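**Student:** Input file: input_35.cif. Contents: mmCIF, N, CA and C atoms.
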data_data
#
loop_
_atom_site.group_PDB
_atom_site.id
_atom_site.type_symbol
_atom_site.label_atom_id
_atom_site.label_comp_id
_atom_site.auth_asym_id
_atom_site.auth_seq_id
_atom_site.Cartn_x
_atom_site.Cartn_y
_atom_site.Cartn_z
ATOM 1 N N MET D 1 -34.958 -18.385 -10.449
ATOM 2 C CA MET D 1 -33.888 -19.269 -10.026
ATOM 3 C C MET D 1 -33.013 -18.577 -8.993
ATOM 4 N N THR D 2 -32.457 -19.360 -8.124
ATOM 5 C CA THR D 2 -31.584 -18.804 -7.101
ATOM 6 C C THR D 2 -30.162 -18.745 -7.619
ATOM 7 N N GLU D 3 -29.287 -18.007 -6.904
ATOM 8 C CA GLU D 3 -27.875 -17.932 -7.260
ATOM 9 C C GLU D 3 -27.245 -19.316 -7.236
ATOM 10 N N GLN D 4 -27.640 -20.104 -6.250
ATOM 11 C CA GLN D 4 -27.067 -21.430 -6.098
ATOM 12 C C GLN D 4 -27.442 -22.319 -7.280
ATOM 13 N N ALA D 5 -28.667 -22.211 -7.753
ATOM 14 C CA ALA D 5 -29.119 -23.050 -8.857
ATOM 15 C C ALA D 5 -28.452 -22.672 -10.174
ATOM 16 N N THR D 6 -28.208 -21.391 -10.400
ATOM 17 C CA THR D 6 -27.634 -20.952 -11.663
ATOM 18 C C THR D 6 -26.117 -20.958 -11.642
ATOM 19 N N GLY D 7 -25.521 -20.953 -10.451
ATOM 20 C CA GLY D 7 -24.069 -20.873 -10.360
ATOM 21 C C GLY D 7 -23.553 -19.462 -10.575
ATOM 22 N N HIS D 8 -24.445 -18.504 -10.745
ATOM 23 C CA HIS D 8 -24.051 -17.116 -10.979
ATOM 24 C C HIS D 8 -24.171 -16.328 -9.687
ATOM 25 N N HIS D 9 -23.108 -15.668 -9.328
ATOM 26 C CA HIS D 9 -23.110 -14.844 -8.132
ATOM 27 C C HIS D 9 -22.827 -13.413 -8.567
ATOM 28 N N PRO D 10 -23.807 -12.521 -8.445
ATOM 29 C CA PRO D 10 -23.589 -11.147 -8.890
ATOM 30 C C PRO D 10 -22.524 -10.453 -8.050
ATOM 31 N N GLN D 11 -21.812 -9.550 -8.694
ATOM 32 C CA GLN D 11 -20.792 -8.773 -7.998
ATOM 33 C C GLN D 11 -21.475 -7.799 -7.041
ATOM 34 N N PRO D 12 -20.919 -7.615 -5.845
ATOM 35 C CA PRO D 12 -21.521 -6.659 -4.923
ATOM 36 C C PRO D 12 -21.419 -5.243 -5.483
ATOM 37 N N ARG D 13 -22.459 -4.478 -5.258
ATOM 38 C CA ARG D 13 -22.469 -3.104 -5.736
ATOM 39 C C ARG D 13 -21.814 -2.193 -4.713
ATOM 40 N N PRO D 14 -21.074 -1.198 -5.176
ATOM 41 C CA PRO D 14 -20.498 -0.241 -4.237
ATOM 42 C C PRO D 14 -21.589 0.585 -3.574
ATOM 43 N N ARG D 15 -21.330 1.013 -2.372
ATOM 44 C CA ARG D 15 -22.309 1.836 -1.655
ATOM 45 C C ARG D 15 -22.468 3.180 -2.328
ATOM 46 N N GLY D 16 -23.663 3.685 -2.295
ATOM 47 C CA GLY D 16 -23.928 4.991 -2.876
ATOM 48 C C GLY D 16 -24.213 4.940 -4.364
ATOM 49 N N GLY D 17 -24.190 3.760 -4.967
ATOM 50 C CA GLY D 17 -24.509 3.625 -6.374
ATOM 51 C C GLY D 17 -23.398 4.029 -7.324
ATOM 52 N N ALA D 18 -22.272 4.511 -6.817
ATOM 53 C CA ALA D 18 -21.180 4.932 -7.686
ATOM 54 C C ALA D 18 -20.333 3.726 -8.094
ATOM 55 N N THR D 19 -19.724 3.841 -9.240
ATOM 56 C CA THR D 19 -18.808 2.786 -9.656
ATOM 57 C C THR D 19 -17.431 3.074 -9.079
ATOM 58 N N PRO D 20 -16.662 2.045 -8.747
ATOM 59 C CA PRO D 20 -15.351 2.295 -8.162
ATOM 60 C C PRO D 20 -14.428 2.981 -9.160
ATOM 61 N N ALA D 21 -13.574 3.863 -8.647
ATOM 62 C CA ALA D 21 -12.652 4.614 -9.490
ATOM 63 C C ALA D 21 -11.444 3.768 -9.883
ATOM 64 N N THR D 22 -11.145 2.745 -9.103
ATOM 65 C CA THR D 22 -9.981 1.919 -9.395
ATOM 66 C C THR D 22 -10.424 0.572 -9.942
ATOM 67 N N THR D 23 -9.549 -0.049 -10.695
ATOM 68 C CA THR D 23 -9.850 -1.378 -11.203
ATOM 69 C C THR D 23 -9.292 -2.414 -10.239
ATOM 70 N N VAL D 24 -9.875 -3.570 -10.254
ATOM 71 C CA VAL D 24 -9.454 -4.648 -9.373
ATOM 72 C C VAL D 24 -8.346 -5.432 -10.061
ATOM 73 N N GLU D 25 -7.254 -5.646 -9.346
ATOM 74 C CA GLU D 25 -6.151 -6.443 -9.880
ATOM 75 C C GLU D 25 -6.430 -7.907 -9.576
ATOM 76 N N HIS D 26 -6.399 -8.735 -10.580
ATOM 77 C CA HIS D 26 -6.622 -10.162 -10.387
ATOM 78 C C HIS D 26 -5.294 -10.828 -10.087
ATOM 79 N N VAL D 27 -5.212 -11.491 -8.942
ATOM 80 C CA VAL D 27 -3.991 -12.142 -8.492
ATOM 81 C C VAL D 27 -4.286 -13.620 -8.314
ATOM 82 N N THR D 28 -3.445 -14.456 -8.878
ATOM 83 C CA THR D 28 -3.634 -15.891 -8.721
ATOM 84 C C THR D 28 -3.124 -16.327 -7.350
ATOM 85 N N GLY D 29 -3.468 -17.521 -6.963
ATOM 86 C CA GLY D 29 -2.974 -18.065 -5.704
ATOM 87 C C GLY D 29 -1.460 -18.170 -5.711
ATOM 88 N N ALA D 30 -0.891 -18.547 -6.847
ATOM 89 C CA ALA D 30 0.567 -18.667 -6.960
ATOM 90 C C ALA D 30 1.237 -17.301 -6.799
ATOM 91 N N GLN D 31 0.673 -16.272 -7.413
ATOM 92 C CA GLN D 31 1.223 -14.922 -7.265
ATOM 93 C C GLN D 31 1.112 -14.454 -5.822
ATOM 94 N N SER D 32 -0.007 -14.764 -5.193
ATOM 95 C CA SER D 32 -0.203 -14.390 -3.797
ATOM 96 C C SER D 32 0.829 -15.070 -2.893
ATOM 97 N N LEU D 33 1.122 -16.333 -3.178
ATOM 98 C CA LEU D 33 2.124 -17.075 -2.411
ATOM 99 C C LEU D 33 3.489 -16.397 -2.490
ATOM 100 N N ILE D 34 3.930 -16.062 -3.682
ATOM 101 C CA ILE D 34 5.252 -15.450 -3.858
ATOM 102 C C ILE D 34 5.280 -14.044 -3.267
ATOM 103 N N ARG D 35 4.209 -13.282 -3.437
ATOM 104 C CA ARG D 35 4.145 -11.943 -2.831
ATOM 105 C C ARG D 35 4.218 -12.030 -1.303
ATOM 106 N N SER D 36 3.567 -13.047 -0.742
ATOM 107 C CA SER D 36 3.610 -13.234 0.714
ATOM 108 C C SER D 36 5.025 -13.541 1.173
ATOM 109 N N LEU D 37 5.723 -14.388 0.432
ATOM 110 C CA LEU D 37 7.121 -14.693 0.773
ATOM 111 C C LEU D 37 7.972 -13.428 0.725
ATOM 112 N N GLU D 38 7.750 -12.605 -0.300
ATOM 113 C CA GLU D 38 8.503 -11.352 -0.416
ATOM 114 C C GLU D 38 8.206 -10.424 0.757
ATOM 115 N N GLU D 39 6.943 -10.338 1.143
ATOM 116 C CA GLU D 39 6.542 -9.425 2.217
ATOM 117 C C GLU D 39 7.094 -9.825 3.583
ATOM 118 N N VAL D 40 7.258 -11.120 3.832
ATOM 119 C CA VAL D 40 7.810 -11.538 5.132
ATOM 120 C C VAL D 40 9.325 -11.526 5.127
ATOM 121 N N GLY D 41 9.923 -11.174 3.987
ATOM 122 C CA GLY D 41 11.371 -11.040 3.929
ATOM 123 C C GLY D 41 12.115 -12.299 3.523
ATOM 124 N N ALA D 42 11.404 -13.295 3.042
ATOM 125 C CA ALA D 42 12.081 -14.503 2.572
ATOM 126 C C ALA D 42 12.847 -14.162 1.301
ATOM 127 N N ASP D 43 14.140 -14.470 1.281
ATOM 128 C CA ASP D 43 14.927 -14.182 0.084
ATOM 129 C C ASP D 43 15.383 -15.454 -0.622
ATOM 130 N N THR D 44 15.176 -16.600 0.005
ATOM 131 C CA THR D 44 15.605 -17.876 -0.562
ATOM 132 C C THR D 44 14.565 -18.940 -0.255
ATOM 133 N N VAL D 45 14.226 -19.729 -1.276
ATOM 134 C CA VAL D 45 13.345 -20.879 -1.074
ATOM 135 C C VAL D 45 14.028 -22.107 -1.667
ATOM 136 N N PHE D 46 13.715 -23.254 -1.111
ATOM 137 C CA PHE D 46 14.274 -24.515 -1.566
ATOM 138 C C PHE D 46 13.128 -25.354 -2.095
ATOM 139 N N GLY D 47 13.306 -25.968 -3.247
ATOM 140 C CA GLY D 47 12.204 -26.747 -3.771
ATOM 141 C C GLY D 47 12.565 -27.625 -4.933
ATOM 142 N N LEU D 48 11.561 -28.388 -5.330
ATOM 143 C CA LEU D 48 11.651 -29.327 -6.433
ATOM 144 C C LEU D 48 10.423 -29.108 -7.300
ATOM 145 N N PRO D 49 10.570 -28.523 -8.509
ATOM 146 C CA PRO D 49 9.408 -28.249 -9.330
ATOM 147 C C PRO D 49 8.777 -29.525 -9.870
ATOM 148 N N GLY D 50 7.475 -29.461 -10.059
ATOM 149 C CA GLY D 50 6.752 -30.580 -10.643
ATOM 150 C C GLY D 50 5.383 -30.731 -10.013
ATOM 151 N N GLY D 51 4.515 -31.397 -10.723
ATOM 152 C CA GLY D 51 3.193 -31.697 -10.197
ATOM 153 C C GLY D 51 2.391 -30.460 -9.866
ATOM 154 N N CYS D 52 1.764 -30.498 -8.709
ATOM 155 C CA CYS D 52 0.822 -29.448 -8.301
ATOM 156 C C CYS D 52 1.492 -28.110 -8.001
ATOM 157 N N ILE D 53 2.769 -28.094 -7.646
ATOM 158 C CA ILE D 53 3.445 -26.846 -7.273
ATOM 159 C C ILE D 53 3.937 -26.076 -8.501
ATOM 160 N N LEU D 54 3.913 -26.692 -9.660
ATOM 161 C CA LEU D 54 4.470 -26.084 -10.864
ATOM 162 C C LEU D 54 3.922 -24.693 -11.161
ATOM 163 N N PRO D 55 2.616 -24.403 -11.001
ATOM 164 C CA PRO D 55 2.146 -23.038 -11.278
ATOM 165 C C PRO D 55 2.801 -21.972 -10.395
ATOM 166 N N ALA D 56 3.291 -22.334 -9.226
ATOM 167 C CA ALA D 56 3.941 -21.356 -8.347
ATOM 168 C C ALA D 56 5.321 -20.965 -8.862
ATOM 169 N N TYR D 57 5.883 -21.757 -9.746
ATOM 170 C CA TYR D 57 7.219 -21.458 -10.247
ATOM 171 C C TYR D 57 7.243 -20.318 -11.254
ATOM 172 N N ASP D 58 6.137 -20.047 -11.942
ATOM 173 C CA ASP D 58 6.114 -18.916 -12.879
ATOM 174 C C ASP D 58 6.307 -17.590 -12.147
ATOM 175 N N PRO D 59 5.487 -17.257 -11.146
ATOM 176 C CA PRO D 59 5.738 -15.998 -10.437
ATOM 177 C C PRO D 59 7.030 -16.027 -9.625
ATOM 178 N N LEU D 60 7.470 -17.206 -9.206
ATOM 179 C CA LEU D 60 8.742 -17.300 -8.474
ATOM 180 C C LEU D 60 9.897 -16.912 -9.385
ATOM 181 N N MET D 61 9.853 -17.369 -10.623
ATOM 182 C CA MET D 61 10.928 -17.028 -11.572
ATOM 183 C C MET D 61 10.874 -15.557 -11.971
ATOM 184 N N ASP D 62 9.703 -14.934 -11.870
ATOM 185 C CA ASP D 62 9.565 -13.509 -12.177
ATOM 186 C C ASP D 62 10.014 -12.628 -11.013
ATOM 187 N N SER D 63 10.098 -13.202 -9.820
ATOM 188 C CA SER D 63 10.461 -12.427 -8.632
ATOM 189 C C SER D 63 11.932 -12.038 -8.669
ATOM 190 N N THR D 64 12.204 -10.792 -8.320
ATOM 191 C CA THR D 64 13.597 -10.324 -8.216
ATOM 192 C C THR D 64 14.079 -10.368 -6.774
ATOM 193 N N ARG D 65 13.175 -10.686 -5.833
ATOM 194 C CA ARG D 65 13.524 -10.665 -4.411
ATOM 195 C C ARG D 65 13.674 -12.051 -3.799
ATOM 196 N N VAL D 66 13.168 -13.085 -4.465
ATOM 197 C CA VAL D 66 13.239 -14.435 -3.917
ATOM 198 C C VAL D 66 13.982 -15.324 -4.912
ATOM 199 N N ARG D 67 15.032 -15.991 -4.428
ATOM 200 C CA ARG D 67 15.754 -16.913 -5.300
ATOM 201 C C ARG D 67 15.384 -18.339 -4.938
ATOM 202 N N HIS D 68 15.528 -19.215 -5.899
ATOM 203 C CA HIS D 68 15.147 -20.614 -5.729
ATOM 204 C C HIS D 68 16.391 -21.489 -5.744
ATOM 205 N N ILE D 69 16.481 -22.396 -4.782
ATOM 206 C CA ILE D 69 17.545 -23.388 -4.742
ATOM 207 C C ILE D 69 16.921 -24.732 -5.096
ATOM 208 N N LEU D 70 17.365 -25.323 -6.187
ATOM 209 C CA LEU D 70 16.843 -26.606 -6.635
ATOM 210 C C LEU D 70 17.455 -27.732 -5.807
ATOM 211 N N VAL D 71 16.610 -28.600 -5.306
ATOM 212 C CA VAL D 71 17.065 -29.765 -4.546
ATOM 213 C C VAL D 71 16.701 -31.025 -5.321
ATOM 214 N N ARG D 72 17.245 -32.146 -4.897
ATOM 215 C CA ARG D 72 16.984 -33.407 -5.594
ATOM 216 C C ARG D 72 15.848 -34.210 -4.975
ATOM 217 N N HIS D 73 15.416 -33.826 -3.775
ATOM 218 C CA HIS D 73 14.394 -34.597 -3.083
ATOM 219 C C HIS D 73 13.589 -33.642 -2.208
ATOM 220 N N GLU D 74 12.283 -33.893 -2.079
ATOM 221 C CA GLU D 74 11.424 -33.011 -1.283
ATOM 222 C C GLU D 74 11.885 -32.923 0.168
ATOM 223 N N GLN D 75 12.279 -34.036 0.720
ATOM 224 C CA GLN D 75 12.735 -34.039 2.106
ATOM 225 C C GLN D 75 14.015 -33.210 2.258
ATOM 226 N N GLY D 76 14.861 -33.264 1.223
ATOM 227 C CA GLY D 76 16.081 -32.460 1.234
ATOM 228 C C GLY D 76 15.776 -30.973 1.268
ATOM 229 N N ALA D 77 14.677 -30.558 0.629
ATOM 230 C CA ALA D 77 14.284 -29.145 0.642
ATOM 231 C C ALA D 77 13.950 -28.707 2.065
ATOM 232 N N GLY D 78 13.235 -29.548 2.784
ATOM 233 C CA GLY D 78 12.894 -29.222 4.173
ATOM 234 C C GLY D 78 14.128 -29.117 5.050
ATOM 235 N N HIS D 79 15.043 -30.054 4.879
ATOM 236 C CA HIS D 79 16.283 -30.021 5.671
ATOM 237 C C HIS D 79 17.138 -28.805 5.306
ATOM 238 N N ALA D 80 17.226 -28.504 4.013
ATOM 239 C CA ALA D 80 18.005 -27.347 3.575
ATOM 240 C C ALA D 80 17.412 -26.046 4.115
ATOM 241 N N ALA D 81 16.072 -25.928 4.070
ATOM 242 C CA ALA D 81 15.417 -24.717 4.564
ATOM 243 C C ALA D 81 15.630 -24.560 6.070
ATOM 244 N N THR D 82 15.545 -25.677 6.800
ATOM 245 C CA THR D 82 15.779 -25.626 8.247
ATOM 246 C C THR D 82 17.208 -25.199 8.554
ATOM 247 N N GLY D 83 18.168 -25.803 7.873
ATOM 248 C CA GLY D 83 19.572 -25.446 8.081
ATOM 249 C C GLY D 83 19.854 -24.002 7.722
ATOM 250 N N TYR D 84 19.260 -23.526 6.617
ATOM 251 C CA TYR D 84 19.432 -22.139 6.185
ATOM 252 C C TYR D 84 18.887 -21.181 7.240
ATOM 253 N N ALA D 85 17.704 -21.489 7.740
ATOM 254 C CA ALA D 85 17.087 -20.619 8.757
ATOM 255 C C ALA D 85 17.903 -20.596 10.044
ATOM 256 N N GLN D 86 18.403 -21.748 10.450
ATOM 257 C CA GLN D 86 19.200 -21.808 11.684
ATOM 258 C C GLN D 86 20.540 -21.108 11.516
ATOM 259 N N ALA D 87 21.154 -21.250 10.350
ATOM 260 C CA ALA D 87 22.478 -20.648 10.124
ATOM 261 C C ALA D 87 22.419 -19.145 9.905
ATOM 262 N N THR D 88 21.339 -18.660 9.267
ATOM 263 C CA THR D 88 21.282 -17.230 8.921
ATOM 264 C C THR D 88 20.335 -16.431 9.801
ATOM 265 N N GLY D 89 19.391 -17.105 10.454
ATOM 266 C CA GLY D 89 18.384 -16.390 11.231
ATOM 267 C C GLY D 89 17.303 -15.769 10.374
ATOM 268 N N LYS D 90 17.275 -16.100 9.085
ATOM 269 C CA LYS D 90 16.285 -15.553 8.158
ATOM 270 C C LYS D 90 15.114 -16.506 8.012
ATOM 271 N N VAL D 91 14.017 -15.960 7.475
ATOM 272 C CA VAL D 91 12.841 -16.780 7.176
ATOM 273 C C VAL D 91 13.175 -17.692 6.014
#
Please re-express this file's structure in structure tokens.
**Tutor:**
Amino acid sequence: MTEQATGHHPQPRPRGGATPATTVEHVTGAQSLIRSLEEVGADTVFGLPGGCILPAYDPLMDSTRVRHILVRHEQGAGHAATGYAQATGKV
């Protein structure tokens, strides 16, 4: 059977036959999103939790570098973020 037929994709082997000395850290898409915001220097985000974005709020609440401003409407979040960026010059 092929990889496509079984749905199994073997992990690539390291070169030289040695096993890697470090372990791989598993990062979710939501964690990656918040880490990216931290890395570009974003210190404030505006949003409305719910639906599909809800998983991103767990790592956001764990972040000590990014604060969340709750808005009442999605469009209001966009306007608030634009005004914040224009007034402060920050991302």
**Student:** What is the atom CA of D:Pro49 to atom CA of D:Glu25 distance in Å?
**Tutor:**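 These atoms are spaced 26.8 Å apart.
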**Student:** Determine which residues of stretch 23-54 of chain D DSSP labels as helix (DSSP H, G or I) from the backbone of this structure, then write them out as a list in words.
**Tutor:**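 Selection result, helix (DSSP H, G or I) within stretch 23-54 of chain D: Gly29, Ala30, Gln31, Ser32, Leu33, Ile34, Arg35, Ser36, Leu37, Glu38, Glu39, Gly51, Cys52, Ile53 and Leu54 of chain D.
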**Student:** Env of D:Val45: 6 Å cut, atoms = all atoms listed in the file, seq-sep filter 5 positions within chain, self excluded. Answer as a list of chain:residue names.
**Tutor:**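 In the requested form, the answer reads D:Val66, D:Arg67, D:His68, D:Ile69.
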**Student:** Restrict the selected residues to N, CA and C atoms and save them as a PDB file, in the coordinates of the input.
**Tutor:**
ATOM      1  N   VAL D  66      13.168 -13.085  -4.465  1.00  0.00           N
ATOM      2  CA  VAL D  66      13.239 -14.435  -3.917  1.00  0.00           C
ATOM      3  C   VAL D  66      13.982 -15.324  -4.912  1.00  0.00           C
ATOM      4  N   ARG D  67      15.032 -15.991  -4.428  1.00  0.00           N
ATOM      5  CA  ARG D  67      15.754 -16.913  -5.300  1.00  0.00           C
ATOM      6  C   ARG D  67      15.384 -18.339  -4.938  1.00  0.00           C
ATOM      7  N   HIS D  68      15.528 -19.215  -5.899  1.00  0.00           N
ATOM      8  CA  HIS D  68      15.147 -20.614  -5.729  1.00  0.00           C
ATOM      9  C   HIS D  68      16.391 -21.489  -5.744  1.00  0.00           C
ATOM     10  N   ILE D  69      16.481 -22.396  -4.782  1.00  0.00           N
ATOM     11  CA  ILE D  69      17.545 -23.388  -4.742  1.00  0.00           C
ATOM     12  C   ILE D  69      16.921 -24.732  -5.096  1.00  0.00           C
TER      13      ILE D  69
END
**Student:** When you draw a straight line from atom CA of D:Tyr57 to atom CA of D:Leu33, how long is it in Å?
**Tutor:**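 That distance, rounded to one decimal, is 10.3 Å.
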**Student:** Please report the interatomic distance between atom CA of D:Leu37 and atom CA of D:Ala87 in Å with one decimal.
**Tutor:**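 The value is 18.9 Å.
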**Student:** Of the candidates D:Ala80, D:Met61, D:Val71, D:Gly89, which one gets nearest to D:Gly47 if we count only N, CA and C atoms?
**Tutor:**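 Of D:Ala80, D:Met61, D:Val71, D:Gly89, the one nearest D:Gly47 is D:Val71, counting only N, CA and C atoms.
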**Student:** How big is the axis-aligned box around the listed atoms of stretch 32-47 of chain D once 3 Å is added on each side, and where is its centre? Give both in Å to one decimal, as lines of an AutoDock Vina configuration file.
**Tutor:**
center_x = 7.7
center_y = -18.5
center_z = 0.0
size_x = 21.8
size_y = 24.2
size_z = 16.3
**Student:** Hey, what comes out of the PyMOL selection byres ((chain D and resi 30) around 8) on this file? Could you write it as a ChimeraX atom specification?
**Tutor:** /D:27-29,31-36,55-60
**Student:** Ranking D:Leu70, D:Gly83, D:Thr22, D:Lys90 by minimum distance to D:Phe46 and counting all atoms listed in the file, which one comes first?
**Tutor:** D:Leu70
**Student:** Residues of stretch 9-83 of chain D classed as strand (DSSP E or B) by DSSP on the backbone are to be reported as a PyMOL selection string.
**Tutor:** chain D and resi 44-47+67-70
